[in-house]
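Asks: Data: data-v7.cif, mmCIF, C-alpha atoms.
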data_input
#
loop_
_atom_site.label_atom_id
_atom_site.label_comp_id
_atom_site.auth_asym_id
_atom_site.auth_seq_id
_atom_site.Cartn_x
_atom_site.Cartn_y
_atom_site.Cartn_z
CA MET C 1 -42.51 8.15 -30.73
CA GLY C 2 -38.92 6.99 -30.79
CA LEU C 3 -36.76 4.15 -29.51
CA THR C 4 -37.34 4.78 -25.78
CA ASP C 5 -41.11 4.93 -26.24
CA ILE C 6 -41.20 1.70 -28.29
CA ARG C 7 -38.96 -0.12 -25.81
CA GLU C 8 -41.32 0.88 -22.99
CA ARG C 9 -44.35 -0.30 -24.97
CA VAL C 10 -42.66 -3.64 -25.71
CA ALA C 11 -41.88 -4.12 -22.00
CA LYS C 12 -45.49 -3.25 -21.03
CA ALA C 13 -46.87 -5.68 -23.63
CA GLU C 14 -44.55 -8.43 -22.34
CA ALA C 15 -45.72 -7.83 -18.75
CA LYS C 16 -49.39 -7.75 -19.79
CA ALA C 17 -48.98 -11.09 -21.60
CA GLY C 18 -47.27 -12.57 -18.52
CA ARG C 19 -44.00 -12.96 -20.39
CA PRO C 20 -40.53 -12.27 -18.97
CA GLU C 21 -38.98 -8.90 -19.76
CA GLY C 22 -36.62 -9.21 -22.72
CA SER C 23 -38.40 -12.22 -24.23
CA VAL C 24 -39.23 -10.16 -27.33
CA GLU C 25 -36.48 -8.95 -29.65
CA LEU C 26 -37.08 -5.52 -31.13
CA ILE C 27 -35.89 -5.29 -34.73
CA ALA C 28 -35.43 -1.64 -35.73
CA VAL C 29 -36.34 -1.61 -39.42
CA SER C 30 -33.78 0.74 -40.95
CA LYS C 31 -34.59 0.25 -44.65
CA VAL C 32 -34.68 3.50 -46.66
CA GLN C 33 -33.85 5.51 -43.54
CA PRO C 34 -31.27 8.31 -43.74
CA ILE C 35 -27.95 7.22 -42.27
CA GLU C 36 -28.01 9.90 -39.55
CA ARG C 37 -31.28 8.47 -38.16
CA VAL C 38 -29.74 4.99 -38.08
CA GLU C 39 -26.63 6.33 -36.32
CA ALA C 40 -28.81 8.11 -33.74
CA VAL C 41 -30.52 4.80 -32.85
CA LEU C 42 -27.13 3.02 -32.69
CA GLU C 43 -25.85 5.75 -30.38
CA GLN C 44 -28.80 5.05 -28.06
CA GLY C 45 -27.40 1.53 -27.68
CA HIS C 46 -29.74 -0.40 -29.97
CA ARG C 47 -28.03 -3.25 -31.81
CA LEU C 48 -30.65 -5.22 -33.77
CA PHE C 49 -31.76 -3.92 -37.15
CA GLY C 50 -33.79 -5.13 -40.11
CA GLU C 51 -33.24 -4.52 -43.82
CA ASN C 52 -35.40 -5.41 -46.82
CA LYS C 53 -32.78 -5.50 -49.55
CA VAL C 54 -29.35 -7.11 -49.71
CA GLN C 55 -27.92 -4.32 -51.84
CA GLU C 56 -29.03 -1.52 -49.51
CA ALA C 57 -27.64 -3.38 -46.50
CA GLN C 58 -24.31 -3.96 -48.28
CA GLY C 59 -23.93 -0.21 -48.81
CA LYS C 60 -24.70 0.65 -45.20
CA TRP C 61 -23.82 -1.99 -42.62
CA PRO C 62 -20.20 -3.08 -43.12
CA ALA C 63 -18.98 0.46 -42.26
CA LEU C 64 -21.43 0.87 -39.37
CA LYS C 65 -20.42 -2.52 -37.91
CA GLU C 66 -16.82 -1.33 -37.80
CA ARG C 67 -17.87 1.71 -35.75
CA PHE C 68 -20.44 0.07 -33.48
CA GLU C 69 -19.75 -3.23 -31.73
CA GLY C 70 -22.20 -6.09 -31.44
CA VAL C 71 -24.55 -5.12 -34.27
CA ASP C 72 -26.88 -7.77 -35.70
CA VAL C 73 -28.76 -7.20 -38.96
CA HIS C 74 -31.67 -9.40 -40.07
CA LEU C 75 -33.00 -9.67 -43.62
CA ILE C 76 -36.78 -9.22 -43.43
CA GLY C 77 -37.54 -8.73 -47.14
CA PRO C 78 -37.70 -11.19 -50.02
CA LEU C 79 -34.47 -12.87 -51.06
CA GLN C 80 -33.54 -13.73 -54.64
CA THR C 81 -31.45 -16.89 -54.94
CA ASN C 82 -28.68 -15.03 -56.81
CA LYS C 83 -28.22 -12.78 -53.73
CA ALA C 84 -28.23 -15.66 -51.24
CA ARG C 85 -24.45 -15.84 -50.78
CA HIS C 86 -24.20 -12.11 -50.00
CA ALA C 87 -27.17 -12.44 -47.63
CA MET C 88 -25.49 -15.26 -45.71
CA GLU C 89 -22.35 -13.17 -45.24
CA LEU C 90 -24.22 -10.02 -44.18
CA PHE C 91 -27.11 -11.12 -41.98
CA SER C 92 -27.36 -13.06 -38.74
CA ALA C 93 -30.95 -14.11 -39.60
CA ILE C 94 -33.08 -14.39 -42.74
CA HIS C 95 -36.83 -14.04 -42.15
CA ALA C 96 -38.10 -14.76 -45.66
CA VAL C 97 -37.43 -18.37 -46.60
CA ASP C 98 -40.47 -18.86 -48.80
CA ARG C 99 -39.82 -21.52 -51.46
CA PRO C 100 -37.97 -24.82 -51.98
CA LYS C 101 -35.50 -23.36 -54.50
CA LEU C 102 -34.27 -20.80 -51.95
CA ALA C 103 -34.05 -23.40 -49.16
CA ASN C 104 -31.96 -25.67 -51.42
CA THR C 105 -29.65 -22.79 -52.37
CA LEU C 106 -29.12 -21.85 -48.71
CA ALA C 107 -28.39 -25.49 -47.84
CA ARG C 108 -25.80 -25.77 -50.61
CA LEU C 109 -24.12 -22.50 -49.56
CA ALA C 110 -24.18 -23.49 -45.88
CA GLN C 111 -22.16 -26.61 -46.75
CA GLU C 112 -19.75 -24.53 -48.80
CA ILE C 113 -19.29 -21.64 -46.34
CA GLY C 114 -19.54 -23.69 -43.17
CA HIS C 115 -22.19 -21.58 -41.45
CA CYS C 116 -25.75 -20.38 -41.95
CA PRO C 117 -27.79 -17.54 -40.44
CA ASP C 118 -30.87 -18.36 -38.36
CA LEU C 119 -33.80 -18.95 -40.70
CA PHE C 120 -37.51 -18.16 -40.50
CA VAL C 121 -40.05 -19.56 -42.96
CA GLN C 122 -42.37 -16.86 -44.31
CA VAL C 123 -46.01 -17.96 -44.30
CA ASN C 124 -48.50 -16.10 -46.50
CA THR C 125 -51.26 -16.28 -43.87
CA GLY C 126 -53.62 -14.12 -45.93
CA GLU C 127 -53.05 -16.24 -49.05
CA GLU C 128 -52.48 -13.02 -51.02
CA PRO C 129 -51.38 -13.69 -54.61
CA GLN C 130 -49.04 -10.66 -54.71
CA LYS C 131 -47.25 -11.57 -51.49
CA ALA C 132 -44.33 -13.93 -50.93
CA GLY C 133 -44.59 -16.81 -48.50
CA ILE C 134 -45.63 -20.43 -48.35
CA LEU C 135 -49.39 -21.03 -48.10
CA PRO C 136 -50.65 -22.18 -44.68
CA ALA C 137 -51.82 -25.51 -46.16
CA ASP C 138 -48.29 -26.21 -47.44
CA ALA C 139 -46.42 -24.92 -44.37
CA ASP C 140 -46.01 -28.23 -42.47
CA ALA C 141 -44.55 -30.01 -45.50
CA PHE C 142 -42.19 -27.13 -46.29
CA ILE C 143 -40.99 -26.88 -42.67
CA LYS C 144 -40.20 -30.61 -42.81
CA GLU C 145 -38.33 -30.08 -46.09
CA VAL C 146 -36.22 -27.23 -44.63
CA ARG C 147 -35.37 -29.34 -41.58
CA GLY C 148 -34.44 -32.23 -43.88
CA LEU C 149 -31.81 -29.95 -45.46
CA ASP C 150 -30.17 -29.60 -42.02
CA LEU C 151 -30.77 -25.84 -41.93
CA PRO C 152 -31.02 -23.83 -38.66
CA LEU C 153 -34.77 -23.19 -38.74
CA LYS C 154 -35.73 -20.98 -35.78
CA GLY C 155 -39.31 -20.03 -36.53
CA LEU C 156 -41.94 -18.50 -38.78
CA MET C 157 -42.69 -15.02 -40.10
CA CYS C 158 -45.82 -13.37 -41.50
CA ILE C 159 -47.05 -10.02 -42.81
CA PRO C 160 -50.86 -9.89 -42.40
CA PRO C 161 -53.05 -8.32 -45.10
CA VAL C 162 -53.42 -4.58 -44.52
CA GLU C 163 -57.24 -4.63 -44.41
CA GLU C 164 -57.66 -7.62 -42.06
CA THR C 165 -57.46 -8.01 -38.29
CA PRO C 166 -53.79 -8.87 -37.67
CA SER C 167 -54.47 -10.92 -34.53
CA LEU C 168 -56.19 -13.66 -36.59
CA HIS C 169 -53.04 -14.02 -38.68
CA PHE C 170 -50.76 -13.94 -35.63
CA ALA C 171 -52.85 -16.69 -34.01
CA LEU C 172 -52.69 -18.81 -37.19
CA LEU C 173 -48.89 -18.42 -37.38
CA GLY C 174 -48.63 -19.38 -33.70
CA LYS C 175 -50.63 -22.57 -34.29
CA ILE C 176 -48.45 -23.63 -37.24
CA ALA C 177 -45.30 -22.96 -35.18
CA GLU C 178 -46.61 -24.85 -32.15
CA ARG C 179 -47.54 -28.03 -34.02
CA ASN C 180 -44.12 -28.02 -35.69
CA GLY C 181 -42.20 -27.41 -32.46
CA LEU C 182 -40.89 -23.99 -33.52
CA GLU C 183 -40.36 -21.23 -30.96
CA GLY C 184 -39.54 -18.20 -33.10
CA LEU C 185 -42.41 -15.97 -34.25
CA SER C 186 -41.42 -12.93 -36.31
CA MET C 187 -44.63 -10.92 -36.45
CA GLY C 188 -45.94 -7.47 -35.62
CA MET C 189 -44.97 -4.05 -36.97
CA SER C 190 -45.32 -0.40 -35.90
CA SER C 191 -49.14 -0.48 -35.88
CA ASP C 192 -49.78 -3.87 -34.27
CA PHE C 193 -46.70 -5.14 -32.39
CA GLU C 194 -48.48 -5.12 -29.01
CA GLN C 195 -51.12 -7.51 -30.37
CA ALA C 196 -48.34 -9.68 -31.79
CA ILE C 197 -46.59 -9.84 -28.40
CA SER C 198 -49.85 -10.88 -26.70
CA LEU C 199 -50.01 -13.78 -29.19
CA GLY C 200 -46.43 -14.96 -28.68
CA ALA C 201 -44.20 -12.89 -31.00
CA THR C 202 -40.50 -13.37 -30.28
CA HIS C 203 -39.38 -10.75 -32.86
CA VAL C 204 -41.26 -7.56 -33.72
CA ARG C 205 -40.27 -5.42 -36.70
CA VAL C 206 -40.71 -1.71 -36.00
CA GLY C 207 -39.56 1.00 -38.41
CA SER C 208 -41.39 4.29 -38.71
CA ALA C 209 -42.40 4.37 -35.03
CA ILE C 210 -38.68 4.36 -34.11
CA PHE C 211 -37.12 6.35 -36.94
CA GLY C 212 -39.98 8.54 -38.19
CA GLU C 213 -41.67 8.25 -41.58
CA ARG C 214 -39.53 6.88 -44.39
CA ASP C 215 -38.26 9.13 -47.10
CA TYR C 216 -38.74 7.48 -50.50
CA GLY C 217 -37.88 10.75 -52.30
#
Translate this file's structure into structure tokens.
Replies:
Amino acid sequence: MGLTDIRERVAKAEAKAGRPEGSVELIAVSKVQPIERVEAVLEQGHRLFGENKVQEAQGKWPALKERFEGVDVHLIGPLQTNKARHAMELFSAIHAVDRPKLANTLARLAQEIGHCPDLFVQVNTGEEPQKAGILPADADAFIKEVRGLDLPLKGLMCIPPVEETPSLHFALLGKIAERNGLEGLSMGMSSDFEQAISLGATHVRVGSAIFGERDYG
């Protein structure tokens, strides 16, 4: 495992799906990873990373961005409205727009700041009560609402239930995106990103397979 191996697997999955090379963006999920592992991946030339928490990203990325040019960091975890301003300053994309209150806050801040990161609506495809995301039945209306706020909506994101076949959830997300004219599909992680690519993923979120197992100690 490692960055080179994952890049090769992404390229193979693109080719197998008949998609052009480079059509899938690989987000290296650096949350809770020791800084030296993150630096090692940066030194290999990778420039797109994903973080789960605003606070952790604030402590890590401003200094790394000064040392390494062209770095983009995406927020892939849940966002509290009181952290929205910091998130908009730190991240070039937010993958977890999951409720009207957050969308309204982002719209207000976008007017104030004059810019907004790319946004993805998180859909709770498994309808799991403990998980964030808009329910599939409510997705079309919410997408319309986000667009009505003049926000830069690029696509949809999902995290399938652990015990279910991920491809069913990827296919569902793809259908919702297609009927709403959205191109971005943020789906697929270390264990299932090849399946996600075969079903149209534009962004895959891979952590442990690039960096090694996380250390929560």
Asks: To one decimal in Å, tell me the separation between CA of Ser167 (chain C) and CA of Glu14 (chain C).
Replies: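 Separating CA of Ser167 (chain C) from CA of Glu14 (chain C) is a distance of 15.9 Å.
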Asks: Could you name the residues that touch Leu109 (chain C) at 9 Å or less, counting only C-alpha atoms, but leaving out those on the same chain fewer than 6 positions away, as a list in words?
Replies: Ala84, Arg85, Met88, His115 and Cys116 of chain C
Asks: Output the selection as a compact mmCIF listing (two decimals), in the frame of the given file - C-alpha atoms for each residue.
Replies:
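Contents of again35.txt, as written:
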# COMPACT_ATOMS: atom_id res chain seq x y z
CA ALA C 84 -28.23 -15.66 -51.24
CA ARG C 85 -24.45 -15.84 -50.78
CA MET C 88 -25.49 -15.26 -45.71
CA HIS C 115 -22.19 -21.58 -41.45
CA CYS C 116 -25.75 -20.38 -41.95
Asks: Report, in Å with one decimal, the straight-line distance from CA of Gln111 (chain C) to CA of Ala177 (chain C).
Replies: 26.1 Å
Asks: Work out how far apart CA of Arg99 (chain C) and CA of Gln195 (chain C) are and give it in Å to one decimal.
Replies: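 A separation of 27.7 Å between them.
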Asks: Hey, what's within 7 Å of Leu26 (chain C) if we count only C-alpha atoms and toss same-chain stuff fewer than 5 positions away? As a short mmCIF file (atom, residue, chain, number, x, y, z; two decimals) with C-alpha atoms, keeping the file's coordinate frame, please?
Replies:
data_model
loop_
_atom_site.label_atom_id
_atom_site.label_comp_id
_atom_site.auth_asym_id
_atom_site.auth_seq_id
_atom_site.Cartn_x
_atom_site.Cartn_y
_atom_site.Cartn_z
CA LEU C 48 -30.65 -5.22 -33.77
CA HIS C 203 -39.38 -10.75 -32.86
CA VAL C 204 -41.26 -7.56 -33.72
CA ARG C 205 -40.27 -5.42 -36.70
#
